[in-house]
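A.B. asks: Input structure: start09.txt, which contains compact mmCIF, N, CA and C atoms.
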# COMPACT_ATOMS: atom_id res chain seq x y z
N MET R 1 -133.79 -27.73 8.20
CA MET R 1 -133.91 -29.10 7.73
C MET R 1 -132.59 -29.85 7.98
N LYS R 2 -132.73 -31.03 8.53
CA LYS R 2 -131.55 -31.84 8.82
C LYS R 2 -130.95 -32.38 7.52
N LYS R 3 -129.62 -32.32 7.44
CA LYS R 3 -128.94 -32.84 6.25
C LYS R 3 -129.01 -34.36 6.25
N ARG R 4 -129.22 -34.92 5.06
CA ARG R 4 -129.20 -36.37 4.90
C ARG R 4 -127.75 -36.82 4.74
N LYS R 5 -127.42 -37.95 5.36
CA LYS R 5 -126.06 -38.47 5.28
C LYS R 5 -125.95 -39.45 4.12
N VAL R 6 -125.04 -39.13 3.21
CA VAL R 6 -124.81 -39.95 2.02
C VAL R 6 -123.41 -40.54 2.08
N MET R 7 -123.32 -41.86 1.98
CA MET R 7 -122.02 -42.51 1.88
C MET R 7 -121.80 -42.83 0.40
N LEU R 8 -120.73 -42.32 -0.15
CA LEU R 8 -120.40 -42.48 -1.56
C LEU R 8 -119.15 -43.34 -1.66
N ILE R 9 -119.25 -44.47 -2.35
CA ILE R 9 -118.11 -45.38 -2.45
C ILE R 9 -117.82 -45.66 -3.92
N ASP R 10 -116.65 -45.22 -4.36
CA ASP R 10 -116.23 -45.39 -5.75
C ASP R 10 -114.72 -45.27 -5.79
N ASP R 11 -114.08 -46.07 -6.63
CA ASP R 11 -112.62 -46.02 -6.71
C ASP R 11 -112.11 -44.94 -7.68
N GLU R 12 -113.02 -44.24 -8.36
CA GLU R 12 -112.60 -43.16 -9.26
C GLU R 12 -112.59 -41.85 -8.49
N GLU R 13 -111.39 -41.43 -8.06
CA GLU R 13 -111.24 -40.24 -7.20
C GLU R 13 -111.88 -38.98 -7.78
N ASP R 14 -111.65 -38.70 -9.07
CA ASP R 14 -112.21 -37.49 -9.68
C ASP R 14 -113.73 -37.51 -9.60
N PHE R 15 -114.31 -38.66 -9.87
CA PHE R 15 -115.76 -38.80 -9.85
C PHE R 15 -116.31 -38.54 -8.44
N ILE R 16 -115.73 -39.19 -7.42
CA ILE R 16 -116.29 -39.01 -6.08
C ILE R 16 -116.07 -37.59 -5.56
N ASN R 17 -114.93 -36.99 -5.90
CA ASN R 17 -114.69 -35.61 -5.46
C ASN R 17 -115.70 -34.66 -6.08
N MET R 18 -115.97 -34.83 -7.37
CA MET R 18 -116.91 -33.97 -8.06
C MET R 18 -118.34 -34.17 -7.52
N LEU R 19 -118.75 -35.44 -7.38
CA LEU R 19 -120.10 -35.72 -6.91
C LEU R 19 -120.29 -35.26 -5.46
N LYS R 20 -119.28 -35.47 -4.62
CA LYS R 20 -119.34 -35.01 -3.23
C LYS R 20 -119.56 -33.51 -3.19
N LYS R 21 -118.77 -32.77 -3.98
CA LYS R 21 -118.88 -31.32 -4.04
C LYS R 21 -120.27 -30.90 -4.51
N ASN R 22 -120.75 -31.53 -5.58
CA ASN R 22 -122.06 -31.19 -6.14
C ASN R 22 -123.20 -31.47 -5.15
N LEU R 23 -123.12 -32.59 -4.45
CA LEU R 23 -124.17 -32.91 -3.48
C LEU R 23 -124.12 -31.95 -2.28
N GLU R 24 -122.92 -31.66 -1.80
CA GLU R 24 -122.79 -30.77 -0.64
C GLU R 24 -123.20 -29.34 -0.97
N GLN R 25 -123.02 -28.92 -2.22
CA GLN R 25 -123.41 -27.56 -2.62
C GLN R 25 -124.92 -27.33 -2.51
N THR R 26 -125.70 -28.40 -2.54
CA THR R 26 -127.15 -28.25 -2.40
C THR R 26 -127.52 -27.90 -0.96
N LYS R 27 -126.59 -28.09 -0.04
CA LYS R 27 -126.79 -27.86 1.40
C LYS R 27 -127.80 -28.84 2.02
N ARG R 28 -128.14 -29.90 1.27
CA ARG R 28 -129.10 -30.90 1.77
C ARG R 28 -128.42 -32.19 2.22
N TYR R 29 -127.12 -32.34 1.90
CA TYR R 29 -126.45 -33.61 2.17
C TYR R 29 -125.11 -33.41 2.86
N GLU R 30 -124.82 -34.35 3.74
CA GLU R 30 -123.48 -34.49 4.32
C GLU R 30 -122.93 -35.75 3.66
N VAL R 31 -121.77 -35.64 3.01
CA VAL R 31 -121.27 -36.76 2.21
C VAL R 31 -119.94 -37.28 2.76
N LEU R 32 -119.88 -38.58 2.94
CA LEU R 32 -118.63 -39.25 3.26
C LEU R 32 -118.24 -40.01 1.99
N ALA R 33 -117.11 -39.61 1.40
CA ALA R 33 -116.64 -40.25 0.16
C ALA R 33 -115.51 -41.22 0.49
N LEU R 34 -115.67 -42.45 0.04
CA LEU R 34 -114.67 -43.50 0.26
C LEU R 34 -114.23 -44.07 -1.07
N SER R 35 -112.95 -44.40 -1.18
CA SER R 35 -112.45 -44.96 -2.44
C SER R 35 -112.42 -46.48 -2.44
N SER R 36 -112.91 -47.08 -1.35
CA SER R 36 -112.91 -48.54 -1.25
C SER R 36 -114.09 -49.00 -0.38
N ALA R 37 -114.62 -50.17 -0.70
CA ALA R 37 -115.70 -50.74 0.10
C ALA R 37 -115.17 -51.65 1.20
N LYS R 38 -113.84 -51.72 1.30
CA LYS R 38 -113.22 -52.52 2.36
C LYS R 38 -113.65 -51.92 3.70
N ASN R 39 -113.98 -52.73 4.66
CA ASN R 39 -114.43 -52.27 5.98
C ASN R 39 -115.74 -51.49 5.91
N ILE R 40 -116.58 -51.79 4.92
CA ILE R 40 -117.82 -51.03 4.73
C ILE R 40 -118.73 -51.09 5.95
N VAL R 41 -118.81 -52.24 6.60
CA VAL R 41 -119.72 -52.38 7.74
C VAL R 41 -119.28 -51.47 8.89
N SER R 42 -117.99 -51.42 9.19
CA SER R 42 -117.54 -50.54 10.28
C SER R 42 -117.69 -49.07 9.90
N LYS R 43 -117.48 -48.74 8.63
CA LYS R 43 -117.67 -47.36 8.16
C LYS R 43 -119.14 -46.95 8.30
N VAL R 44 -120.04 -47.86 7.98
CA VAL R 44 -121.48 -47.59 8.10
C VAL R 44 -121.83 -47.35 9.56
N LYS R 45 -121.28 -48.15 10.46
CA LYS R 45 -121.56 -47.97 11.90
C LYS R 45 -121.01 -46.64 12.41
N ASP R 46 -119.86 -46.21 11.91
CA ASP R 46 -119.26 -44.94 12.34
C ASP R 46 -120.03 -43.73 11.80
N PHE R 47 -120.42 -43.77 10.52
CA PHE R 47 -121.03 -42.62 9.85
C PHE R 47 -122.56 -42.62 9.94
N ASN R 48 -123.16 -43.81 10.01
CA ASN R 48 -124.61 -43.97 10.08
C ASN R 48 -125.33 -43.24 8.92
N PRO R 49 -125.04 -43.63 7.68
CA PRO R 49 -125.64 -42.95 6.53
C PRO R 49 -127.13 -43.23 6.37
N ASP R 50 -127.81 -42.29 5.73
CA ASP R 50 -129.22 -42.49 5.37
C ASP R 50 -129.31 -43.30 4.09
N ILE R 51 -128.27 -43.19 3.26
CA ILE R 51 -128.26 -43.87 1.96
C ILE R 51 -126.82 -44.09 1.52
N ILE R 52 -126.62 -45.10 0.67
CA ILE R 52 -125.28 -45.41 0.14
C ILE R 52 -125.33 -45.38 -1.39
N LEU R 53 -124.38 -44.68 -1.98
CA LEU R 53 -124.18 -44.70 -3.44
C LEU R 53 -122.94 -45.54 -3.66
N LEU R 54 -123.07 -46.61 -4.42
CA LEU R 54 -122.02 -47.62 -4.49
C LEU R 54 -121.68 -48.01 -5.92
N ASP R 55 -120.40 -47.92 -6.23
CA ASP R 55 -119.91 -48.41 -7.53
C ASP R 55 -119.85 -49.93 -7.45
N LEU R 56 -120.09 -50.60 -8.55
CA LEU R 56 -120.05 -52.07 -8.54
C LEU R 56 -118.67 -52.62 -8.90
N LEU R 57 -117.94 -51.91 -9.76
CA LEU R 57 -116.62 -52.38 -10.19
C LEU R 57 -115.51 -51.69 -9.42
N MET R 58 -114.99 -52.37 -8.42
CA MET R 58 -113.89 -51.81 -7.63
C MET R 58 -112.89 -52.92 -7.30
N PRO R 59 -111.62 -52.53 -7.15
CA PRO R 59 -110.64 -53.54 -6.73
C PRO R 59 -110.91 -53.97 -5.28
N GLU R 60 -110.35 -55.06 -4.87
CA GLU R 60 -110.50 -55.63 -3.53
C GLU R 60 -111.93 -56.08 -3.27
N VAL R 61 -112.81 -55.16 -2.86
CA VAL R 61 -114.20 -55.51 -2.55
C VAL R 61 -115.11 -54.82 -3.56
N GLY R 62 -115.79 -55.61 -4.38
CA GLY R 62 -116.71 -55.04 -5.37
C GLY R 62 -118.04 -54.68 -4.74
N GLY R 63 -118.86 -53.99 -5.50
CA GLY R 63 -120.15 -53.53 -5.00
C GLY R 63 -121.10 -54.64 -4.59
N ILE R 64 -121.14 -55.72 -5.38
CA ILE R 64 -122.03 -56.84 -5.05
C ILE R 64 -121.60 -57.46 -3.72
N GLU R 65 -120.30 -57.67 -3.57
CA GLU R 65 -119.78 -58.23 -2.32
C GLU R 65 -120.06 -57.28 -1.15
N ALA R 66 -119.93 -55.98 -1.36
CA ALA R 66 -120.21 -54.99 -0.31
C ALA R 66 -121.68 -55.06 0.11
N CYS R 67 -122.58 -55.22 -0.87
CA CYS R 67 -124.01 -55.37 -0.56
C CYS R 67 -124.25 -56.61 0.29
N GLN R 68 -123.60 -57.70 -0.07
CA GLN R 68 -123.76 -58.94 0.69
C GLN R 68 -123.27 -58.76 2.13
N MET R 69 -122.17 -58.03 2.30
CA MET R 69 -121.65 -57.77 3.65
C MET R 69 -122.65 -56.94 4.45
N LEU R 70 -123.24 -55.94 3.81
CA LEU R 70 -124.22 -55.09 4.49
C LEU R 70 -125.49 -55.86 4.83
N ASN R 71 -125.89 -56.78 3.95
CA ASN R 71 -127.10 -57.58 4.19
C ASN R 71 -126.97 -58.47 5.41
N GLU R 72 -125.73 -58.79 5.79
CA GLU R 72 -125.50 -59.65 6.95
C GLU R 72 -125.41 -58.85 8.25
N ASP R 73 -125.50 -57.53 8.14
CA ASP R 73 -125.39 -56.66 9.31
C ASP R 73 -126.75 -56.04 9.63
N PRO R 74 -127.19 -56.07 10.91
CA PRO R 74 -128.51 -55.54 11.25
C PRO R 74 -128.69 -54.05 10.89
N ILE R 75 -127.65 -53.27 11.02
CA ILE R 75 -127.74 -51.84 10.66
C ILE R 75 -127.62 -51.69 9.15
N GLY R 76 -126.63 -52.35 8.57
CA GLY R 76 -126.36 -52.23 7.14
C GLY R 76 -127.52 -52.62 6.25
N LYS R 77 -128.25 -53.65 6.65
CA LYS R 77 -129.33 -54.13 5.78
C LYS R 77 -130.52 -53.19 5.71
N ARG R 78 -130.58 -52.19 6.61
CA ARG R 78 -131.69 -51.23 6.60
C ARG R 78 -131.41 -50.00 5.75
N ILE R 79 -130.19 -49.87 5.25
CA ILE R 79 -129.80 -48.67 4.50
C ILE R 79 -130.01 -48.89 3.00
N PRO R 80 -130.79 -48.01 2.35
CA PRO R 80 -130.98 -48.16 0.90
C PRO R 80 -129.67 -47.93 0.15
N ILE R 81 -129.46 -48.72 -0.88
CA ILE R 81 -128.25 -48.62 -1.70
C ILE R 81 -128.63 -48.35 -3.15
N ILE R 82 -127.97 -47.34 -3.72
CA ILE R 82 -128.13 -47.05 -5.14
C ILE R 82 -126.81 -47.42 -5.82
N ALA R 83 -126.89 -48.28 -6.82
CA ALA R 83 -125.70 -48.65 -7.58
C ALA R 83 -125.42 -47.56 -8.61
N LEU R 84 -124.16 -47.16 -8.69
CA LEU R 84 -123.68 -46.22 -9.72
C LEU R 84 -122.60 -46.98 -10.46
N SER R 85 -122.88 -47.38 -11.68
CA SER R 85 -121.94 -48.26 -12.35
C SER R 85 -121.85 -48.00 -13.85
N ALA R 86 -120.71 -48.34 -14.40
CA ALA R 86 -120.53 -48.28 -15.85
C ALA R 86 -121.13 -49.53 -16.50
N LEU R 87 -121.40 -50.54 -15.69
CA LEU R 87 -122.00 -51.78 -16.20
C LEU R 87 -123.46 -51.50 -16.58
N ASP R 88 -123.82 -51.83 -17.81
CA ASP R 88 -125.15 -51.48 -18.28
C ASP R 88 -125.96 -52.68 -18.78
N LYS R 89 -125.45 -53.88 -18.55
CA LYS R 89 -126.16 -55.07 -19.02
C LYS R 89 -127.28 -55.43 -18.03
N ASP R 90 -128.35 -56.00 -18.56
CA ASP R 90 -129.45 -56.42 -17.70
C ASP R 90 -128.99 -57.43 -16.65
N THR R 91 -128.04 -58.31 -17.01
CA THR R 91 -127.57 -59.32 -16.06
C THR R 91 -126.87 -58.65 -14.87
N ASP R 92 -126.11 -57.56 -15.14
CA ASP R 92 -125.43 -56.83 -14.06
C ASP R 92 -126.47 -56.17 -13.15
N LYS R 93 -127.48 -55.57 -13.77
CA LYS R 93 -128.54 -54.91 -13.00
C LYS R 93 -129.30 -55.93 -12.15
N LEU R 94 -129.60 -57.08 -12.74
CA LEU R 94 -130.32 -58.12 -12.02
C LEU R 94 -129.54 -58.58 -10.79
N LYS R 95 -128.22 -58.79 -10.97
CA LYS R 95 -127.36 -59.19 -9.84
C LYS R 95 -127.45 -58.17 -8.72
N ALA R 96 -127.42 -56.88 -9.08
CA ALA R 96 -127.46 -55.80 -8.09
C ALA R 96 -128.80 -55.79 -7.36
N TYR R 97 -129.88 -55.91 -8.11
CA TYR R 97 -131.20 -55.91 -7.48
C TYR R 97 -131.39 -57.13 -6.57
N LYS R 98 -130.79 -58.24 -6.95
CA LYS R 98 -130.90 -59.47 -6.13
C LYS R 98 -130.23 -59.31 -4.77
N VAL R 99 -129.21 -58.46 -4.68
CA VAL R 99 -128.54 -58.26 -3.38
C VAL R 99 -129.07 -57.02 -2.66
N GLY R 100 -130.21 -56.49 -3.13
CA GLY R 100 -130.88 -55.45 -2.37
C GLY R 100 -130.73 -54.01 -2.83
N VAL R 101 -130.10 -53.78 -3.97
CA VAL R 101 -129.98 -52.42 -4.47
C VAL R 101 -131.38 -51.89 -4.80
N VAL R 102 -131.67 -50.64 -4.38
CA VAL R 102 -133.02 -50.09 -4.60
C VAL R 102 -133.13 -49.33 -5.92
N ASP R 103 -131.99 -48.91 -6.48
CA ASP R 103 -131.99 -48.22 -7.76
C ASP R 103 -130.64 -48.46 -8.42
N TYR R 104 -130.61 -48.30 -9.75
CA TYR R 104 -129.40 -48.58 -10.51
C TYR R 104 -129.22 -47.47 -11.53
N LEU R 105 -128.16 -46.70 -11.39
CA LEU R 105 -127.86 -45.62 -12.32
C LEU R 105 -126.59 -45.95 -13.09
N THR R 106 -126.63 -45.72 -14.38
CA THR R 106 -125.47 -45.98 -15.21
C THR R 106 -124.64 -44.71 -15.34
N LYS R 107 -123.33 -44.88 -15.16
CA LYS R 107 -122.41 -43.75 -15.31
C LYS R 107 -122.23 -43.43 -16.78
N PRO R 108 -121.99 -42.21 -17.14
CA PRO R 108 -121.97 -41.05 -16.25
C PRO R 108 -123.41 -40.57 -16.01
N ALA R 109 -123.79 -40.42 -14.75
CA ALA R 109 -125.12 -39.95 -14.40
C ALA R 109 -125.02 -38.48 -13.99
N GLN R 110 -125.99 -37.71 -14.39
CA GLN R 110 -126.02 -36.29 -14.02
C GLN R 110 -126.34 -36.16 -12.53
N THR R 111 -125.82 -35.12 -11.90
CA THR R 111 -126.06 -34.88 -10.48
C THR R 111 -127.57 -34.81 -10.19
N GLU R 112 -128.32 -34.14 -11.06
CA GLU R 112 -129.78 -34.02 -10.85
C GLU R 112 -130.45 -35.39 -10.82
N THR R 113 -130.00 -36.28 -11.69
CA THR R 113 -130.55 -37.64 -11.75
C THR R 113 -130.22 -38.39 -10.46
N ILE R 114 -129.01 -38.21 -9.98
CA ILE R 114 -128.58 -38.88 -8.74
C ILE R 114 -129.39 -38.34 -7.56
N ILE R 115 -129.59 -37.03 -7.50
CA ILE R 115 -130.38 -36.43 -6.41
C ILE R 115 -131.81 -36.94 -6.44
N LYS R 116 -132.40 -37.03 -7.62
CA LYS R 116 -133.77 -37.56 -7.73
C LYS R 116 -133.84 -38.99 -7.22
N ALA R 117 -132.83 -39.79 -7.57
CA ALA R 117 -132.80 -41.19 -7.11
C ALA R 117 -132.64 -41.27 -5.59
N ILE R 118 -131.79 -40.39 -5.03
CA ILE R 118 -131.59 -40.35 -3.57
C ILE R 118 -132.92 -40.01 -2.89
N GLU R 119 -133.58 -38.95 -3.35
CA GLU R 119 -134.83 -38.51 -2.74
C GLU R 119 -135.91 -39.59 -2.83
N LYS R 120 -136.00 -40.24 -3.98
CA LYS R 120 -136.99 -41.30 -4.18
C LYS R 120 -136.71 -42.47 -3.22
N ALA R 121 -135.46 -42.87 -3.11
CA ALA R 121 -135.10 -43.99 -2.24
C ALA R 121 -135.36 -43.65 -0.77
N LEU R 122 -135.07 -42.42 -0.36
CA LEU R 122 -135.28 -42.01 1.03
C LEU R 122 -136.77 -41.89 1.36
N GLU R 123 -137.55 -41.53 0.37
CA GLU R 123 -139.00 -41.42 0.55
C GLU R 123 -139.62 -42.77 0.92
N PHE R 124 -139.08 -43.84 0.33
CA PHE R 124 -139.62 -45.18 0.56
C PHE R 124 -138.87 -45.96 1.63
N LYS R 125 -137.91 -45.33 2.26
CA LYS R 125 -137.09 -46.00 3.28
C LYS R 125 -137.94 -46.47 4.45
Would you put the structure from the file into structure tokens?
C.D. replies:
Amino acid sequence: MKKRKVMLIDDEEDFINMLKKNLEQTKRYEVLALSSAKNIVSKVKDFNPDIILLDLLMPEVGGIEACQMLNEDPIGKRIPIIALSALDKDTDKLKAYKVGVVDYLTKPAQTETIIKAIEKALEFK
């Protein structure tokens, strides 16, 4: 079975290192972990992910802005995005869904929950 490519973008180093390790241990995913959404479009073109896990609160380029950048790119707009955020208000979720996020998980999310969300999003891709 071909590994699915997951792009993980979060400014919390411990979180991305742990999640990357947990996802790769399943032997089902190849994970590119980035600590910034800066240059997200060129990173997407280089890595060609099947799915993106994206934090919404980051310095420089936030998750909403990153989604907007991807929506303007022919390749980027076809990739499902799951928001992983500490923001739990309905208004935050609505903003994310409006820019094309397919699922919204509130941190801290269990690895099993994240994997289920990835599989569900890829099923409908």
A.B. asks: Counting only C-alpha atoms, which of R:Glu60, R:Asp50, R:Glu65, R:Asp10 gets nearest to Ile81 (chain R)?
C.D. replies: R:Asp50
A.B. asks: So which residues touch Lys93 (chain R) within 12 Å, counting only C-alpha atoms, skipping near sequence neighbours fewer than 6 positions away, as a compact mmCIF listing (two decimals) with N, CA and C atoms, in the coordinates of the input?
C.D. replies:
# COMPACT_ATOMS: atom_id res chain seq x y z
N LEU R 56 -120.09 -50.60 -8.55
CA LEU R 56 -120.05 -52.07 -8.54
C LEU R 56 -118.67 -52.62 -8.90
N GLY R 63 -118.86 -53.99 -5.50
CA GLY R 63 -120.15 -53.53 -5.00
C GLY R 63 -121.10 -54.64 -4.59
N ILE R 64 -121.14 -55.72 -5.38
CA ILE R 64 -122.03 -56.84 -5.05
C ILE R 64 -121.60 -57.46 -3.72
N ILE R 82 -127.97 -47.34 -3.72
CA ILE R 82 -128.13 -47.05 -5.14
C ILE R 82 -126.81 -47.42 -5.82
N ALA R 83 -126.89 -48.28 -6.82
CA ALA R 83 -125.70 -48.65 -7.58
C ALA R 83 -125.42 -47.56 -8.61
N LEU R 84 -124.16 -47.16 -8.69
CA LEU R 84 -123.68 -46.22 -9.72
C LEU R 84 -122.60 -46.98 -10.46
N SER R 85 -122.88 -47.38 -11.68
CA SER R 85 -121.94 -48.26 -12.35
C SER R 85 -121.85 -48.00 -13.85
N ALA R 86 -120.71 -48.34 -14.40
CA ALA R 86 -120.53 -48.28 -15.85
C ALA R 86 -121.13 -49.53 -16.50
N LEU R 87 -121.40 -50.54 -15.69
CA LEU R 87 -122.00 -51.78 -16.20
C LEU R 87 -123.46 -51.50 -16.58
N VAL R 99 -129.21 -58.46 -4.68
CA VAL R 99 -128.54 -58.26 -3.38
C VAL R 99 -129.07 -57.02 -2.66
N GLY R 100 -130.21 -56.49 -3.13
CA GLY R 100 -130.88 -55.45 -2.37
C GLY R 100 -130.73 -54.01 -2.83
N VAL R 101 -130.10 -53.78 -3.97
CA VAL R 101 -129.98 -52.42 -4.47
C VAL R 101 -131.38 -51.89 -4.80
N VAL R 102 -131.67 -50.64 -4.38
CA VAL R 102 -133.02 -50.09 -4.60
C VAL R 102 -133.13 -49.33 -5.92
N ASP R 103 -131.99 -48.91 -6.48
CA ASP R 103 -131.99 -48.22 -7.76
C ASP R 103 -130.64 -48.46 -8.42
N TYR R 104 -130.61 -48.30 -9.75
CA TYR R 104 -129.40 -48.58 -10.51
C TYR R 104 -129.22 -47.47 -11.53
N LEU R 105 -128.16 -46.70 -11.39
CA LEU R 105 -127.86 -45.62 -12.32
C LEU R 105 -126.59 -45.95 -13.09
N THR R 106 -126.63 -45.72 -14.38
CA THR R 106 -125.47 -45.98 -15.21
C THR R 106 -124.64 -44.71 -15.34
A.B. asks: Find the axis-aligned box for region 27-38 of chain R, covering all its listed atoms and adding 8 Å on each side, and write its centre and edge lengths in Å to one decimal as lines of an AutoDock Vina configuration file.
C.D. replies:
center_x = -120.8
center_y = -40.2
center_z = 0.9
size_x = 32.7
size_y = 40.7
size_z = 22.8
A.B. asks: Can you work out the spacing between CA of Lys38 (chain R) and CA of Gln110 (chain R) in Å, to one decimal?
C.D. replies: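 CA of Lys38 (chain R) sits 26.4 Å away from CA of Gln110 (chain R).
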A.B. asks: Show me, as a list in words, the residues that have an atom within 9 Å of Pro59 (chain R) when counting only C-alpha atoms, minus same-chain residues fewer than 2 positions from it.
C.D. replies: Asp11, Ser36, Ala37, Leu57, Val61 and Gly62 of chain R
A.B. asks: Would you please work out which residue, of R:Asn17, R:Asn48, R:Asn39, R:Thr91, is nearest to Gly76 (chain R) when using only C-alpha atoms?
C.D. replies: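 Among the listed residues, the smallest separation from Gly76 (chain R) belongs to R:Asn48.
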A.B. asks: Can you list, as a ChimeraX atom specification, all residues belonging to region 35-102 of chain R that DSSP tags as strand (DSSP E or B)?
C.D. replies: /R:51-54,81-85
A.B. asks: With 9 Å as the threshold, what does the neighbourhood of (-116.4, -40.7, -4.2) contain in terms of residues, counting only C-alpha atoms? Coordinates are those of the file; answer as a ChimeraX atom specification.
C.D. replies: /R:7-20,31-35,53-54
A.B. asks: Looking at only C-alpha atoms, which of R:Asp88, R:Ala96, R:Leu122, R:Met69 is the one that sits closest to Ser42 (chain R)?
C.D. replies: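 Looking at the shortest contact to Ser42 (chain R), the residue is R:Met69.
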A.B. asks: Looking at only C-alpha atoms, which of R:Asp92, R:Asp55, R:Glu24, R:Asp46 is the one that sits closest to Ile75 (chain R)?
C.D. replies: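 Closest to Ile75 (chain R), using only C-alpha atoms: R:Asp46.
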A.B. asks: List the spatial neighbours of Glu123 (chain R) as a ChimeraX atom specification - criterion: any atom at most 12 Å away, only C-alpha atoms, same-chain residues fewer than 6 positions off excluded.
C.D. replies: /R:4,50-51,80,102,116-117
A.B. asks: For the residues in the current selection, export N, CA and C atoms as a PDB file, in the frame of the given file.
C.D. replies:
ATOM      1  N   ARG R   4    -129.220 -34.920   5.060  1.00  0.00           N
ATOM      2  CA  ARG R   4    -129.200 -36.370   4.900  1.00  0.00           C
ATOM      3  C   ARG R   4    -127.750 -36.820   4.740  1.00  0.00           C
ATOM      4  N   ASP R  50    -127.810 -42.290   5.730  1.00  0.00           N
ATOM      5  CA  ASP R  50    -129.220 -42.490   5.370  1.00  0.00           C
ATOM      6  C   ASP R  50    -129.310 -43.300   4.090  1.00  0.00           C
ATOM      7  N   ILE R  51    -128.270 -43.190   3.260  1.00  0.00           N
ATOM      8  CA  ILE R  51    -128.260 -43.870   1.960  1.00  0.00           C
ATOM      9  C   ILE R  51    -126.820 -44.090   1.520  1.00  0.00           C
ATOM     10  N   PRO R  80    -130.790 -48.010   2.350  1.00  0.00           N
ATOM     11  CA  PRO R  80    -130.980 -48.160   0.900  1.00  0.00           C
ATOM     12  C   PRO R  80    -129.670 -47.930   0.150  1.00  0.00           C
ATOM     13  N   VAL R 102    -131.670 -50.640  -4.380  1.00  0.00           N
ATOM     14  CA  VAL R 102    -133.020 -50.090  -4.600  1.00  0.00           C
ATOM     15  C   VAL R 102    -133.130 -49.330  -5.920  1.00  0.00           C
ATOM     16  N   LYS R 116    -132.400 -37.030  -7.620  1.00  0.00           N
ATOM     17  CA  LYS R 116    -133.770 -37.560  -7.730  1.00  0.00           C
ATOM     18  C   LYS R 116    -133.840 -38.990  -7.220  1.00  0.00           C
ATOM     19  N   ALA R 117    -132.830 -39.790  -7.570  1.00  0.00           N
ATOM     20  CA  ALA R 117    -132.800 -41.190  -7.110  1.00  0.00           C
ATOM     21  C   ALA R 117    -132.640 -41.270  -5.590  1.00  0.00           C
TER      22      ALA R 117
END
A.B. asks: Just to confirm, what's the straight-line distance from atom N of Glu72 (chain R) to CA of Lys2 (chain R) in Å (one decimal)?
C.D. replies: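 One can read the atom N of Glu72 (chain R) to CA of Lys2 (chain R) distance as 27.7 Å.
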